[in-house]
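A short write-up of the structure that comes next.
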Amino acid sequence: MSQSFRRLAATLLASFVSAACFAEEAPAAPSPGQTQFIMNCSACHQATGLGLIGMAPSIRNPDFLSLADDAFIKETVLKGRAGTLMVPRPDLEGENLDMIVAWLREAATGPVTVDKTKEYPAGDAAKGAELFKTNCASCHGATGGGYMASTPELPLQGTGIGLPGFIHSVSDDYIIQTLKTGRTGTPMKKFIGAAEGDPAITEIEALDIIAYLRSLTPKPEQAAE
């Protein structure tokens, strides 16, 4: 093989390798679960699942997924959240919802840590009302109405944690763990064990706040009595 031919072959090979290295990879096609999410959920939760303040929360958030098991997410989708933009979607029950939840779960960084059966001492609702006013109302509204209670003068960044569709669907441990971890990428910081200088509450005070929120509306079975 002549030296000139070898040089030509080397040049062509180098050009091919360089082109291959710098060529942009074609974006991967969405998975079936992501496709279903985009079709049914992205109008509010955005295509990324990271939500939009004032409209819908971040549900492809690792902090959320560490607290919400698959059954919790599915129940929320099927029943909706009264008083919010989250309408019931019973039409998604079955394979489509399974695929959506599986796609959300891909963003999880660990197992679900909430213990639904864990019992905590009852809090003091009267004390909780004052604690809520001091620590939570600026984002979640005076009675926890969240986004939907916003006004032009007071836009709210927090979700509707005082609404019956939420407060009677979650365990005490779910709320306690939320207050311990916060929600990365959202205005929700951790309050139990907060960094020095940040607003902080104790676990006992958190239970007082929970008692206050639960006192605002009766459980569905109580309302029916």
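Residues in the structure tokens are named by chain (A, B, ... in the order shown) and by number from 1 within that chain; ligands are numbered from 1 in the order shown.
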**Prompt:** Got a sec to tell me which of segment 16-128 of chain A DSSP assigns to helix (DSSP H, G or I), as a count of residues only?
**Reply:** 52
**Request:** Find the residues near segment 91-103 of chain A: any atom within 10 Å, counting only C-alpha atoms, skip ones fewer than 6 places away on the same chain, and give them as a list of chain:residue names.
**Result:** A:Ser31, A:Pro32, A:Gly33, A:Gln34, A:Thr35, A:Gln36, A:Phe37, A:Ile38, A:Asn40, A:Cys41, A:Gly49, A:Arg60, A:Asp69, A:Asp70, A:Ala71, A:Ile73, A:Lys74, A:Glu75, A:Val77, A:Leu78
Serialized selection, N, CA and C atoms, as a PDB file, in the first residue's frame:
```pdb
ATOM      1  N   SER A  31     -41.721   7.418  25.709  1.00  0.00           N
ATOM      2  CA  SER A  31     -42.232   6.106  26.101  1.00  0.00           C
ATOM      3  C   SER A  31     -43.755   6.141  26.085  1.00  0.00           C
ATOM      4  N   PRO A  32     -44.417   4.987  26.099  1.00  0.00           N
ATOM      5  CA  PRO A  32     -45.892   4.988  26.129  1.00  0.00           C
ATOM      6  C   PRO A  32     -46.451   5.761  27.322  1.00  0.00           C
ATOM      7  N   GLY A  33     -45.802   5.635  28.475  1.00  0.00           N
ATOM      8  CA  GLY A  33     -46.278   6.356  29.654  1.00  0.00           C
ATOM      9  C   GLY A  33     -46.128   7.859  29.515  1.00  0.00           C
ATOM     10  N   GLN A  34     -44.988   8.288  28.966  1.00  0.00           N
ATOM     11  CA  GLN A  34     -44.785   9.715  28.745  1.00  0.00           C
ATOM     12  C   GLN A  34     -45.770  10.252  27.720  1.00  0.00           C
ATOM     13  N   THR A  35     -46.047   9.460  26.693  1.00  0.00           N
ATOM     14  CA  THR A  35     -47.020   9.870  25.676  1.00  0.00           C
ATOM     15  C   THR A  35     -48.396  10.072  26.294  1.00  0.00           C
ATOM     16  N   GLN A  36     -48.814   9.133  27.146  1.00  0.00           N
ATOM     17  CA  GLN A  36     -50.104   9.257  27.812  1.00  0.00           C
ATOM     18  C   GLN A  36     -50.125  10.475  28.736  1.00  0.00           C
ATOM     19  N   PHE A  37     -49.014  10.727  29.412  1.00  0.00           N
ATOM     20  CA  PHE A  37     -48.926  11.885  30.305  1.00  0.00           C
ATOM     21  C   PHE A  37     -49.061  13.174  29.512  1.00  0.00           C
ATOM     22  N   ILE A  38     -48.350  13.273  28.404  1.00  0.00           N
ATOM     23  CA  ILE A  38     -48.409  14.476  27.583  1.00  0.00           C
ATOM     24  C   ILE A  38     -49.832  14.706  27.069  1.00  0.00           C
ATOM     25  N   ASN A  40     -52.688  13.664  28.399  1.00  0.00           N
ATOM     26  CA  ASN A  40     -53.745  13.808  29.409  1.00  0.00           C
ATOM     27  C   ASN A  40     -53.421  14.737  30.574  1.00  0.00           C
ATOM     28  N   CYS A  41     -52.147  15.024  30.811  1.00  0.00           N
ATOM     29  CA  CYS A  41     -51.774  15.728  32.040  1.00  0.00           C
ATOM     30  C   CYS A  41     -50.950  16.991  31.820  1.00  0.00           C
ATOM     31  N   GLY A  49     -43.769  17.199  33.789  1.00  0.00           N
ATOM     32  CA  GLY A  49     -44.348  16.753  35.048  1.00  0.00           C
ATOM     33  C   GLY A  49     -43.930  17.585  36.236  1.00  0.00           C
ATOM     34  N   ARG A  60     -43.539  14.994  39.178  1.00  0.00           N
ATOM     35  CA  ARG A  60     -42.411  14.141  38.789  1.00  0.00           C
ATOM     36  C   ARG A  60     -41.180  14.598  39.559  1.00  0.00           C
ATOM     37  N   ASP A  69     -47.201   6.888  47.154  1.00  0.00           N
ATOM     38  CA  ASP A  69     -47.114   5.585  46.507  1.00  0.00           C
ATOM     39  C   ASP A  69     -48.024   5.546  45.283  1.00  0.00           C
ATOM     40  N   ASP A  70     -47.927   4.478  44.519  1.00  0.00           N
ATOM     41  CA  ASP A  70     -48.699   4.386  43.275  1.00  0.00           C
ATOM     42  C   ASP A  70     -50.196   4.481  43.537  1.00  0.00           C
ATOM     43  N   ALA A  71     -50.657   3.842  44.609  1.00  0.00           N
ATOM     44  CA  ALA A  71     -52.092   3.860  44.917  1.00  0.00           C
ATOM     45  C   ALA A  71     -52.576   5.275  45.199  1.00  0.00           C
ATOM     46  N   ILE A  73     -51.300   8.112  44.011  1.00  0.00           N
ATOM     47  CA  ILE A  73     -51.340   8.865  42.753  1.00  0.00           C
ATOM     48  C   ILE A  73     -52.549   8.454  41.926  1.00  0.00           C
ATOM     49  N   LYS A  74     -52.799   7.162  41.836  1.00  0.00           N
ATOM     50  CA  LYS A  74     -53.920   6.681  41.028  1.00  0.00           C
ATOM     51  C   LYS A  74     -55.253   7.159  41.592  1.00  0.00           C
ATOM     52  N   GLU A  75     -55.384   7.134  42.907  1.00  0.00           N
ATOM     53  CA  GLU A  75     -56.629   7.591  43.519  1.00  0.00           C
ATOM     54  C   GLU A  75     -56.855   9.075  43.237  1.00  0.00           C
ATOM     55  N   VAL A  77     -55.778  10.764  40.638  1.00  0.00           N
ATOM     56  CA  VAL A  77     -56.156  10.907  39.230  1.00  0.00           C
ATOM     57  C   VAL A  77     -57.619  10.512  39.023  1.00  0.00           C
ATOM     58  N   LEU A  78     -58.018   9.393  39.596  1.00  0.00           N
ATOM     59  CA  LEU A  78     -59.367   8.870  39.354  1.00  0.00           C
ATOM     60  C   LEU A  78     -60.444   9.716  40.022  1.00  0.00           C
TER      61      LEU A  78
END
```
Need the shell around Gly158 of chain A: protein/DNA/RNA residues with any atom at most 9 Å away, counting only C-alpha atoms. Skip same-chain ones fewer than 5 positions apart. Format as a PDB file with N, CA and C atoms, in the first residue's frame?
```
ATOM      1  N   ILE A  53     -46.421  26.783  38.966  1.00  0.00           N
ATOM      2  CA  ILE A  53     -46.935  27.468  40.148  1.00  0.00           C
ATOM      3  C   ILE A  53     -48.169  28.271  39.772  1.00  0.00           C
ATOM      4  N   GLY A  54     -49.221  28.109  40.558  1.00  0.00           N
ATOM      5  CA  GLY A  54     -50.471  28.790  40.280  1.00  0.00           C
ATOM      6  C   GLY A  54     -51.450  27.940  39.511  1.00  0.00           C
ATOM      7  N   PRO A  57     -49.194  21.263  40.787  1.00  0.00           N
ATOM      8  CA  PRO A  57     -47.944  20.970  41.488  1.00  0.00           C
ATOM      9  C   PRO A  57     -46.995  20.098  40.678  1.00  0.00           C
ATOM     10  N   CYS A 136     -47.405  29.338  57.274  1.00  0.00           N
ATOM     11  CA  CYS A 136     -47.904  28.696  56.050  1.00  0.00           C
ATOM     12  C   CYS A 136     -48.821  29.568  55.195  1.00  0.00           C
ATOM     13  N   ALA A 137     -49.548  30.480  55.835  1.00  0.00           N
ATOM     14  CA  ALA A 137     -50.614  31.209  55.140  1.00  0.00           C
ATOM     15  C   ALA A 137     -50.105  32.075  53.994  1.00  0.00           C
ATOM     16  N   SER A 138     -48.882  32.573  54.074  1.00  0.00           N
ATOM     17  CA  SER A 138     -48.385  33.463  53.017  1.00  0.00           C
ATOM     18  C   SER A 138     -48.290  32.754  51.675  1.00  0.00           C
ATOM     19  N   CYS A 139     -48.113  31.442  51.689  1.00  0.00           N
ATOM     20  CA  CYS A 139     -48.057  30.680  50.429  1.00  0.00           C
ATOM     21  C   CYS A 139     -49.347  29.906  50.158  1.00  0.00           C
ATOM     22  N   HIS A 140     -49.938  29.332  51.225  1.00  0.00           N
ATOM     23  CA  HIS A 140     -51.088  28.438  51.039  1.00  0.00           C
ATOM     24  C   HIS A 140     -52.439  29.120  51.258  1.00  0.00           C
ATOM     25  N   GLY A 141     -52.445  30.385  51.700  1.00  0.00           N
ATOM     26  CA  GLY A 141     -53.695  31.073  51.952  1.00  0.00           C
ATOM     27  C   GLY A 141     -54.138  30.926  53.394  1.00  0.00           C
ATOM     28  N   GLY A 144     -55.659  27.572  53.808  1.00  0.00           N
ATOM     29  CA  GLY A 144     -55.069  26.487  53.029  1.00  0.00           C
ATOM     30  C   GLY A 144     -55.700  26.262  51.681  1.00  0.00           C
ATOM     31  N   GLY A 145     -56.348  27.294  51.111  1.00  0.00           N
ATOM     32  CA  GLY A 145     -57.008  27.138  49.818  1.00  0.00           C
ATOM     33  C   GLY A 145     -56.051  27.051  48.641  1.00  0.00           C
ATOM     34  N   GLY A 146     -54.813  27.501  48.835  1.00  0.00           N
ATOM     35  CA  GLY A 146     -53.815  27.397  47.778  1.00  0.00           C
ATOM     36  C   GLY A 146     -54.089  28.275  46.575  1.00  0.00           C
ATOM     37  N   TYR A 147     -53.560  27.835  45.413  1.00  0.00           N
ATOM     38  CA  TYR A 147     -53.651  28.629  44.183  1.00  0.00           C
ATOM     39  C   TYR A 147     -55.030  29.228  43.948  1.00  0.00           C
ATOM     40  N   PRO A 187     -41.217  26.402  45.898  1.00  0.00           N
ATOM     41  CA  PRO A 187     -41.065  27.305  47.037  1.00  0.00           C
ATOM     42  C   PRO A 187     -41.141  26.599  48.397  1.00  0.00           C
ATOM     43  N   MET A 188     -41.550  25.318  48.402  1.00  0.00           N
ATOM     44  CA  MET A 188     -41.734  24.595  49.659  1.00  0.00           C
ATOM     45  C   MET A 188     -40.398  24.143  50.248  1.00  0.00           C
TER      46      MET A 188
END
```
**Request:** Using atom CA of Gly165 of chain A and atom CA of Arg81 of chain A as the two end points, give the distance in Å to one decimal.
**Result:**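 Calculated distance between atom CA of Gly165 of chain A and atom CA of Arg81 of chain A is 5.0 Å.
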**Request:** Go through A:Phe132, A:Tyr212, A:Phe64, A:Phe191 and flag the residue nearest Ile167 of chain A, using only C-alpha atoms for the distances.
**Result:**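 Under the stated criterion, the closest residue is A:Tyr212.
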**Message:** When you count only C-alpha atoms, which of these residues is closest to Gly83 of chain A: A:Ala200, A:Ala195, A:Met148, A:Ile161?
**Reply:** A:Met148
**Prompt:** A:Val114, A:Gly197, A:Ala142, A:Leu216: which is nearest Lys180 of chain A, counting only C-alpha atoms?
**Reply:** A:Val114
**Prompt:** Any idea what's packed within 12 Å of segment 183-185 of chain A, counting only C-alpha atoms, ignoring anything in its chain fewer than 6 positions away? Could you give it as a PyMOL selection string?
**Reply:** chain A and resi 50-53+57-67+158-159+175+177+191
**Prompt:** Out of A:Leu213, A:Ala107, A:Leu179, A:Ala129, which residue has the shortest atom-to-atom distance to Phe166 of chain A when counting only C-alpha atoms?
**Reply:**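 Among A:Leu213, A:Ala107, A:Leu179, A:Ala129, it is A:Leu213 that comes nearest to Phe166 of chain A.
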**Message:** Can you pull out the residues contacting Ser171 of chain A? Cut-off 9 Å, using only C-alpha atoms, and skip same-chain residues under 3 positions away; I want them as a ChimeraX atom specification.
**Reply:** /A:114-118,167-168,174-176
Export N, CA and C atoms of the chosen residues as a compact mmCIF listing (two decimals), in the first residue's frame?
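Produced file out.txt, reproduced below:
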```
# COMPACT_ATOMS: atom_id res chain seq x y z
N VAL A 114 -43.18 7.01 53.38
CA VAL A 114 -44.30 7.33 54.27
C VAL A 114 -44.88 6.05 54.88
N ASP A 115 -45.17 6.12 56.17
CA ASP A 115 -45.82 5.01 56.86
C ASP A 115 -47.26 5.45 57.15
N LYS A 116 -48.19 4.96 56.34
CA LYS A 116 -49.59 5.36 56.49
C LYS A 116 -50.18 4.94 57.82
N THR A 117 -49.64 3.91 58.41
CA THR A 117 -50.22 3.37 59.65
C THR A 117 -49.62 3.98 60.90
N LYS A 118 -48.60 4.81 60.75
CA LYS A 118 -47.95 5.38 61.92
C LYS A 118 -48.90 6.32 62.65
N ILE A 167 -56.51 17.14 52.44
CA ILE A 167 -56.23 16.92 53.86
C ILE A 167 -56.83 15.62 54.38
N HIS A 168 -57.92 15.16 53.77
CA HIS A 168 -58.52 13.90 54.21
C HIS A 168 -58.07 12.71 53.36
N TYR A 174 -47.44 11.57 56.04
CA TYR A 174 -47.19 12.21 54.74
C TYR A 174 -46.86 13.69 54.95
N ILE A 175 -47.65 14.36 55.78
CA ILE A 175 -47.43 15.79 56.01
C ILE A 175 -46.14 16.02 56.81
N ILE A 176 -45.93 15.20 57.83
CA ILE A 176 -44.72 15.33 58.64
C ILE A 176 -43.48 15.17 57.76
```
**Asked** Do you have the atom CA of Met55 of chain A-atom CA of Leu85 of chain A distance handy?
**Response**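 Those two atoms sit 7.3 Å apart.
Among the candidates A:Pro199, A:Thr186, A:Tyr120, A:Thr48, the one nearest to Thr134 of chain A when counting only C-alpha atoms is A:Pro199.
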